[in-house]
Structures are given as C-alpha cells and as structure tokens.
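Notes for the one structure printed next.
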Amino acid sequence: MGARQVFCRGAIALCGKKTVLVLRLCETGSALVVRLVGDKPPYHRSDIHLGAGAIFLRHQVARACSIASVPQDRLRGVSGCILRVPEDTVLKVETACKVEALRQREELFPQGVVRSTWRGPKLGSCGRKIGGAPSE
C-alpha cells in the first residue's frame with residue numbers, strides 16, 4: 001500500500017464521485033466534510049458560495065445541510081491536495097452548518113411551540129368600508 005494522503009482544513013477532495021470540502025479532521029481517522037454542488041438553481045437556505053477560493057472547480061457552492069463524517073481513506077485529493085479554500089470561507093461554512101442544525105431542530109418542535117411570524121388573511125372580515133357609496 002502507498003502512503004496515505006494528508007488532508008488539511010479547507011482542502012477540496014473527492015468522496016467517491018462527489019466533490020467535498022474538508023471542514024475538520026478527527027483523531028479517529030475520519031473527516032467532517034460538506035458536499036459541494038453546482039451554482040445553478042435550485043438553491044437551499046444553507047448554500048454558501050465559495051467565491052474566489054474555488055475558481056477552478058465546477059461545483060462552487062457548499063451545501064451546509066449535507067454534512068457527513070467519512071473515513072479519511074475514502075477521500076482522494078483533487079490535484080494532489082493543492083486546491084484549498086481560504087480559512088474565512090471555511091468559517092462561514094461552519095457557522096452555516098450550525099445555523100442549519102438549529103433550524104432543523106426547530107422544525108421538529110410540535111406545532112405552536114415556536115411562534116410564526118407569518119399571518120394569513122382574516123377570513124370573513126372585510127373591515128370598515130372607506131369611501132364610495134354606502135353598500136346595503
């Protein structure tokens with residue numbers, strides 16, 4: 001067997017046929033990764049555009065809702081692990097992952113626990129008539 005590739009935080013890698021961004025390396029030999037998708041619609045609320053850090057990539061959007069822990073031996077480096085994303089972009093993706101996890105937990109609450117800001121129309125009430133001839 002050859003030497004194992006060394007990955008670092010912010011590296012772009014392949015997990016199978018999917019392009020992923022390495023967020024964190026664990027001591028157990030696994031890596032926390034986020035899937036990269038194309039920058040065409042449909043968009044998800046947790047999508048983060050990688051910007052200039054991924055100029056040479058076809059998939060330039062990190063989808064923070066699809067976070068996974070994979071063994072490092074399943075990862076293959078893109079261009080010999082040369083492609084990396086800046087640290088501030090990795091921090092943006094990590095905060096988006098935390099916010100998305102919080103939102104998904106809120107969606108599991110029973111109805112009525114979290115007050116919604118959306119107010120639908122009041123049915124049956126037309127309000128007071130202003131202007132024009134009186135109606136009977």
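Simple scheme: letters A, B, ... for chains in structure tokens order, numbers from 1 for residues in each chain, numbers from 1 for ligands in the order shown.
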
Note to self: Neighbouring residues of stretch 58-74 of chain A were defined as those with any atom within 8 Å, considering only C-alpha atoms; residues of the same chain fewer than 3 positions away were excluded. Please report them as number ranges by chain.
What the structure shows: A: 4, 15-16, 19, 21, 29-39, 44, 46-51, 54-55, 93-94, 96-97, 100-101

Output N, CA, C and O atoms of each residue in that selection to a file, as a compact mmCIF listing (two decimals), in the first residue's frame.
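New file result-v6.txt:
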# COMPACT_ATOMS: atom_id res chain seq x y z
N ARG A 4 -0.49 7.28 2.74
CA ARG A 4 -1.81 7.90 2.80
C ARG A 4 -1.71 9.39 2.52
O ARG A 4 -0.74 10.04 2.92
N CYS A 15 -15.03 12.27 -2.58
CA CYS A 15 -15.51 11.15 -1.78
C CYS A 15 -16.38 10.32 -2.72
O CYS A 15 -17.54 10.65 -2.95
N GLY A 16 -15.80 9.27 -3.28
CA GLY A 16 -16.48 8.56 -4.36
C GLY A 16 -16.41 9.43 -5.61
O GLY A 16 -15.34 9.78 -6.07
N THR A 19 -17.71 15.79 -5.02
CA THR A 19 -16.71 16.74 -4.56
C THR A 19 -17.12 17.24 -3.18
O THR A 19 -18.27 17.61 -2.97
N LEU A 21 -15.78 19.40 0.63
CA LEU A 21 -14.89 20.34 1.30
C LEU A 21 -14.61 19.80 2.70
O LEU A 21 -15.55 19.50 3.45
N GLY A 29 -9.35 9.20 12.63
CA GLY A 29 -9.12 8.86 11.23
C GLY A 29 -10.27 9.22 10.32
O GLY A 29 -10.28 8.83 9.16
N SER A 30 -11.23 9.95 10.83
CA SER A 30 -12.35 10.38 9.99
C SER A 30 -12.25 11.88 9.74
O SER A 30 -11.49 12.59 10.39
N ALA A 31 -13.01 12.34 8.79
CA ALA A 31 -13.01 13.76 8.43
C ALA A 31 -14.46 14.24 8.33
O ALA A 31 -15.33 13.51 7.85
N LEU A 32 -14.69 15.45 8.79
CA LEU A 32 -16.01 16.08 8.68
C LEU A 32 -16.03 16.85 7.38
O LEU A 32 -15.20 17.76 7.17
N VAL A 33 -16.92 16.49 6.46
CA VAL A 33 -16.94 17.08 5.13
C VAL A 33 -18.32 17.64 4.80
O VAL A 33 -19.32 17.23 5.37
N VAL A 34 -18.33 18.58 3.86
CA VAL A 34 -19.56 19.16 3.33
C VAL A 34 -19.55 18.97 1.82
O VAL A 34 -18.52 19.16 1.17
N ARG A 35 -20.68 18.60 1.27
CA ARG A 35 -20.77 18.35 -0.16
C ARG A 35 -20.78 19.66 -0.94
O ARG A 35 -21.39 20.64 -0.53
N LEU A 36 -20.11 19.67 -2.08
CA LEU A 36 -20.11 20.82 -2.98
C LEU A 36 -21.06 20.55 -4.13
O LEU A 36 -21.06 19.45 -4.70
N VAL A 37 -21.88 21.53 -4.47
CA VAL A 37 -22.85 21.39 -5.56
C VAL A 37 -22.64 22.52 -6.55
O VAL A 37 -21.94 23.49 -6.29
N GLY A 38 -23.27 22.40 -7.71
CA GLY A 38 -23.19 23.44 -8.73
C GLY A 38 -23.91 24.70 -8.29
O GLY A 38 -24.77 24.69 -7.42
N ASP A 39 -23.55 25.81 -8.92
CA ASP A 39 -24.14 27.09 -8.52
C ASP A 39 -25.38 27.45 -9.34
O ASP A 39 -25.72 28.60 -9.48
N HIS A 44 -30.60 26.08 -1.81
CA HIS A 44 -31.06 25.71 -0.48
C HIS A 44 -30.72 26.87 0.46
O HIS A 44 -29.83 27.67 0.18
N SER A 46 -29.11 26.88 3.08
CA SER A 46 -27.80 26.76 3.71
C SER A 46 -26.65 26.80 2.71
O SER A 46 -25.53 26.47 3.07
N ASP A 47 -26.89 27.20 1.48
CA ASP A 47 -25.83 27.24 0.48
C ASP A 47 -24.89 28.41 0.72
O ASP A 47 -25.33 29.53 0.96
N ILE A 48 -23.59 28.14 0.64
CA ILE A 48 -22.55 29.15 0.78
C ILE A 48 -21.69 29.11 -0.47
O ILE A 48 -21.13 28.07 -0.80
N HIS A 49 -21.58 30.25 -1.15
CA HIS A 49 -20.75 30.32 -2.35
C HIS A 49 -19.29 30.45 -1.92
O HIS A 49 -18.96 31.27 -1.07
N LEU A 50 -18.41 29.63 -2.51
CA LEU A 50 -17.01 29.62 -2.11
C LEU A 50 -16.23 30.79 -2.68
O LEU A 50 -15.14 31.10 -2.21
N GLY A 51 -16.74 31.44 -3.68
CA GLY A 51 -16.10 32.63 -4.21
C GLY A 51 -14.80 32.34 -4.95
O GLY A 51 -14.67 31.34 -5.66
N ALA A 54 -12.54 28.87 -5.12
CA ALA A 54 -12.84 27.69 -5.93
C ALA A 54 -13.02 28.07 -7.40
O ALA A 54 -13.94 27.63 -8.06
N ILE A 55 -12.10 28.86 -7.91
CA ILE A 55 -12.21 29.33 -9.30
C ILE A 55 -12.14 28.16 -10.27
O ILE A 55 -12.86 28.10 -11.26
N VAL A 93 -18.81 28.49 6.26
CA VAL A 93 -19.49 27.21 6.05
C VAL A 93 -19.80 26.55 7.39
O VAL A 93 -20.88 26.00 7.60
N GLU A 94 -18.87 26.62 8.35
CA GLU A 94 -19.10 26.03 9.67
C GLU A 94 -20.25 26.72 10.40
O GLU A 94 -21.08 26.05 11.01
N ALA A 96 -22.71 28.29 8.98
CA ALA A 96 -23.93 27.92 8.27
C ALA A 96 -24.39 26.52 8.66
O ALA A 96 -25.59 26.26 8.77
N CYS A 97 -23.45 25.61 8.93
CA CYS A 97 -23.80 24.26 9.38
C CYS A 97 -24.47 24.31 10.74
O CYS A 97 -25.45 23.61 10.99
N GLU A 100 -27.97 25.80 10.34
CA GLU A 100 -28.87 24.83 9.70
C GLU A 100 -29.27 23.74 10.68
O GLU A 100 -30.43 23.31 10.69
N ALA A 101 -28.34 23.29 11.52
CA ALA A 101 -28.69 22.28 12.53
C ALA A 101 -29.71 22.84 13.51
O ALA A 101 -30.65 22.14 13.92

Check: If you run DSSP on the backbone, which residues of stretch 13-69 of chain A are strand (DSSP E), as a PyMOL selection string?
Finding: chain A and resi 13-15+18-25+30-37+47-49+61-69

Atoms kept (N, CA, C and O atoms) for selection, written as a compact mmCIF listing (two decimals), in the first residue's frame:
# COMPACT_ATOMS: atom_id res chain seq x y z
N ALA A 13 -11.68 17.69 -1.86
CA ALA A 13 -11.38 16.28 -2.10
C ALA A 13 -12.57 15.62 -2.79
O ALA A 13 -13.64 16.22 -2.94
N LEU A 14 -12.36 14.37 -3.22
CA LEU A 14 -13.42 13.57 -3.80
C LEU A 14 -13.75 12.44 -2.84
O LEU A 14 -12.86 11.76 -2.33
N CYS A 15 -15.03 12.27 -2.58
CA CYS A 15 -15.51 11.15 -1.78
C CYS A 15 -16.38 10.32 -2.72
O CYS A 15 -17.54 10.65 -2.95
N LYS A 18 -18.32 12.33 -5.63
CA LYS A 18 -18.81 13.63 -5.16
C LYS A 18 -17.66 14.51 -4.69
O LYS A 18 -16.75 14.05 -3.99
N THR A 19 -17.71 15.79 -5.02
CA THR A 19 -16.71 16.74 -4.56
C THR A 19 -17.12 17.24 -3.18
O THR A 19 -18.27 17.61 -2.97
N VAL A 20 -16.17 17.24 -2.24
CA VAL A 20 -16.46 17.65 -0.87
C VAL A 20 -15.41 18.64 -0.39
O VAL A 20 -14.31 18.73 -0.94
N LEU A 21 -15.78 19.40 0.63
CA LEU A 21 -14.89 20.34 1.30
C LEU A 21 -14.61 19.80 2.70
O LEU A 21 -15.55 19.50 3.45
N VAL A 22 -13.34 19.66 3.06
CA VAL A 22 -12.96 19.12 4.37
C VAL A 22 -13.04 20.25 5.39
O VAL A 22 -12.38 21.27 5.26
N LEU A 23 -13.91 20.07 6.41
CA LEU A 23 -14.06 21.07 7.46
C LEU A 23 -13.16 20.79 8.66
O LEU A 23 -12.59 21.71 9.22
N ARG A 24 -13.07 19.54 9.03
CA ARG A 24 -12.33 19.20 10.24
C ARG A 24 -11.82 17.78 10.13
O ARG A 24 -12.48 16.90 9.58
N LEU A 25 -10.63 17.53 10.67
CA LEU A 25 -10.07 16.19 10.74
C LEU A 25 -10.14 15.70 12.17
O LEU A 25 -9.82 16.43 13.11
N SER A 30 -11.23 9.95 10.83
CA SER A 30 -12.35 10.38 9.99
C SER A 30 -12.25 11.88 9.74
O SER A 30 -11.49 12.59 10.39
N ALA A 31 -13.01 12.34 8.79
CA ALA A 31 -13.01 13.76 8.43
C ALA A 31 -14.46 14.24 8.33
O ALA A 31 -15.33 13.51 7.85
N LEU A 32 -14.69 15.45 8.79
CA LEU A 32 -16.01 16.08 8.68
C LEU A 32 -16.03 16.85 7.38
O LEU A 32 -15.20 17.76 7.17
N VAL A 33 -16.92 16.49 6.46
CA VAL A 33 -16.94 17.08 5.13
C VAL A 33 -18.32 17.64 4.80
O VAL A 33 -19.32 17.23 5.37
N VAL A 34 -18.33 18.58 3.86
CA VAL A 34 -19.56 19.16 3.33
C VAL A 34 -19.55 18.97 1.82
O VAL A 34 -18.52 19.16 1.17
N ARG A 35 -20.68 18.60 1.27
CA ARG A 35 -20.77 18.35 -0.16
C ARG A 35 -20.78 19.66 -0.94
O ARG A 35 -21.39 20.64 -0.53
N LEU A 36 -20.11 19.67 -2.08
CA LEU A 36 -20.11 20.82 -2.98
C LEU A 36 -21.06 20.55 -4.13
O LEU A 36 -21.06 19.45 -4.70
N VAL A 37 -21.88 21.53 -4.47
CA VAL A 37 -22.85 21.39 -5.56
C VAL A 37 -22.64 22.52 -6.55
O VAL A 37 -21.94 23.49 -6.29
N ASP A 47 -26.89 27.20 1.48
CA ASP A 47 -25.83 27.24 0.48
C ASP A 47 -24.89 28.41 0.72
O ASP A 47 -25.33 29.53 0.96
N ILE A 48 -23.59 28.14 0.64
CA ILE A 48 -22.55 29.15 0.78
C ILE A 48 -21.69 29.11 -0.47
O ILE A 48 -21.13 28.07 -0.80
N HIS A 49 -21.58 30.25 -1.15
CA HIS A 49 -20.75 30.32 -2.35
C HIS A 49 -19.29 30.45 -1.92
O HIS A 49 -18.96 31.27 -1.07
N VAL A 61 -20.46 25.78 -4.74
CA VAL A 61 -21.37 26.10 -3.65
C VAL A 61 -21.30 24.97 -2.62
O VAL A 61 -21.47 23.80 -2.96
N ALA A 62 -21.05 25.33 -1.37
CA ALA A 62 -21.01 24.34 -0.28
C ALA A 62 -22.41 24.26 0.32
O ALA A 62 -22.97 25.27 0.75
N ARG A 63 -22.98 23.08 0.33
CA ARG A 63 -24.31 22.87 0.90
C ARG A 63 -24.15 22.43 2.35
O ARG A 63 -23.82 21.29 2.64
N ALA A 64 -24.40 23.36 3.27
CA ALA A 64 -24.12 23.12 4.69
C ALA A 64 -25.09 22.12 5.32
O ALA A 64 -24.81 21.61 6.40
N CYS A 65 -26.20 21.83 4.67
CA CYS A 65 -27.14 20.88 5.26
C CYS A 65 -26.70 19.44 5.03
O CYS A 65 -27.16 18.54 5.73
N SER A 66 -25.81 19.20 4.08
CA SER A 66 -25.36 17.83 3.81
C SER A 66 -23.95 17.64 4.36
O SER A 66 -22.99 17.49 3.63
N ILE A 67 -23.85 17.64 5.68
CA ILE A 67 -22.58 17.45 6.36
C ILE A 67 -22.46 15.97 6.74
O ILE A 67 -23.46 15.33 7.07
N ALA A 68 -21.25 15.42 6.62
CA ALA A 68 -21.06 13.99 6.88
C ALA A 68 -19.68 13.75 7.47
O ALA A 68 -18.76 14.55 7.27
N SER A 69 -19.57 12.65 8.17
CA SER A 69 -18.28 12.21 8.69
C SER A 69 -17.88 10.96 7.91
O SER A 69 -18.59 9.96 7.91

Next item on the list: Write out as a ChimeraX atom specification the residues lying within 8 Å of A:Gly77, counting only C-alpha atoms and excluding same-chain residues fewer than 2 positions away.
Entry: /A:5,7,11-14,75,79-82

Identify, with DSSP run on backbone atoms, the residues in stretch 19-130 of chain A assigned to alpha helix (DSSP H), and express the list as a compact mmCIF listing (two decimals) with N, CA, C and O atoms, in the first residue's frame.
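Done, and the output landed in selection-v8.txt:
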# COMPACT_ATOMS: atom_id res chain seq x y z
N GLU A 87 -9.48 30.30 4.89
CA GLU A 87 -9.99 30.00 6.23
C GLU A 87 -11.29 30.74 6.54
O GLU A 87 -12.18 30.18 7.18
N ASP A 88 -11.43 31.99 6.09
CA ASP A 88 -12.67 32.73 6.39
C ASP A 88 -13.87 32.10 5.71
O ASP A 88 -14.98 32.09 6.25
N THR A 89 -13.67 31.51 4.53
CA THR A 89 -14.77 30.82 3.86
C THR A 89 -15.14 29.54 4.60
O THR A 89 -16.32 29.22 4.72
N VAL A 90 -14.15 28.83 5.12
CA VAL A 90 -14.42 27.62 5.90
C VAL A 90 -15.19 27.99 7.17
O VAL A 90 -16.11 27.27 7.57
N LEU A 91 -14.85 29.12 7.79
CA LEU A 91 -15.59 29.57 8.98
C LEU A 91 -17.04 29.89 8.64
O LEU A 91 -17.95 29.61 9.41
N LYS A 92 -17.27 30.51 7.46
CA LYS A 92 -18.64 30.79 7.01
C LYS A 92 -19.45 29.50 6.86
O LYS A 92 -20.60 29.42 7.25
N VAL A 93 -18.81 28.49 6.26
CA VAL A 93 -19.49 27.21 6.05
C VAL A 93 -19.80 26.55 7.39
O VAL A 93 -20.88 26.00 7.60
N GLU A 94 -18.87 26.62 8.35
CA GLU A 94 -19.10 26.03 9.67
C GLU A 94 -20.25 26.72 10.40
O GLU A 94 -21.08 26.05 11.01
N THR A 95 -20.30 28.04 10.35
CA THR A 95 -21.41 28.74 11.01
C THR A 95 -22.73 28.44 10.31
O THR A 95 -23.76 28.31 10.98
N ALA A 96 -22.71 28.29 8.98
CA ALA A 96 -23.93 27.92 8.27
C ALA A 96 -24.39 26.52 8.66
O ALA A 96 -25.59 26.26 8.77
N CYS A 97 -23.45 25.61 8.93
CA CYS A 97 -23.80 24.26 9.38
C CYS A 97 -24.47 24.31 10.74
O CYS A 97 -25.45 23.61 10.99
N LYS A 98 -23.94 25.16 11.64
CA LYS A 98 -24.53 25.28 12.98
C LYS A 98 -25.93 25.88 12.91
O LYS A 98 -26.85 25.43 13.59
N VAL A 99 -26.10 26.91 12.08
CA VAL A 99 -27.42 27.55 11.93
C VAL A 99 -28.41 26.57 11.32
O VAL A 99 -29.57 26.49 11.75
N GLU A 100 -27.97 25.80 10.34
CA GLU A 100 -28.87 24.83 9.70
C GLU A 100 -29.27 23.74 10.68
O GLU A 100 -30.43 23.31 10.69
N ALA A 101 -28.34 23.29 11.52
CA ALA A 101 -28.69 22.28 12.53
C ALA A 101 -29.71 22.84 13.51
O ALA A 101 -30.65 22.14 13.92
N LEU A 102 -29.56 24.11 13.89
CA LEU A 102 -30.52 24.75 14.79
C LEU A 102 -31.90 24.85 14.13
O LEU A 102 -32.92 24.56 14.76
N ARG A 103 -31.92 25.23 12.86
CA ARG A 103 -33.21 25.34 12.14
C ARG A 103 -33.89 23.98 12.00
O ARG A 103 -35.11 23.88 12.13
N GLN A 104 -33.10 22.94 11.74
CA GLN A 104 -33.70 21.61 11.61
C GLN A 104 -34.25 21.13 12.95
O GLN A 104 -35.27 20.44 12.99
N ARG A 105 -33.58 21.49 14.06
CA ARG A 105 -34.12 21.13 15.37
C ARG A 105 -35.42 21.87 15.66
O ARG A 105 -36.34 21.33 16.26
N GLU A 106 -35.50 23.15 15.25
CA GLU A 106 -36.73 23.92 15.45
C GLU A 106 -37.88 23.35 14.63
O GLU A 106 -39.04 23.43 15.05
N GLU A 107 -37.60 22.78 13.47
CA GLU A 107 -38.65 22.20 12.65
C GLU A 107 -39.24 20.94 13.29
O GLU A 107 -40.35 20.54 12.95

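Between atom CA of A:Thr28 and atom CA of A:Arg9 the separation is 15.6 Å.
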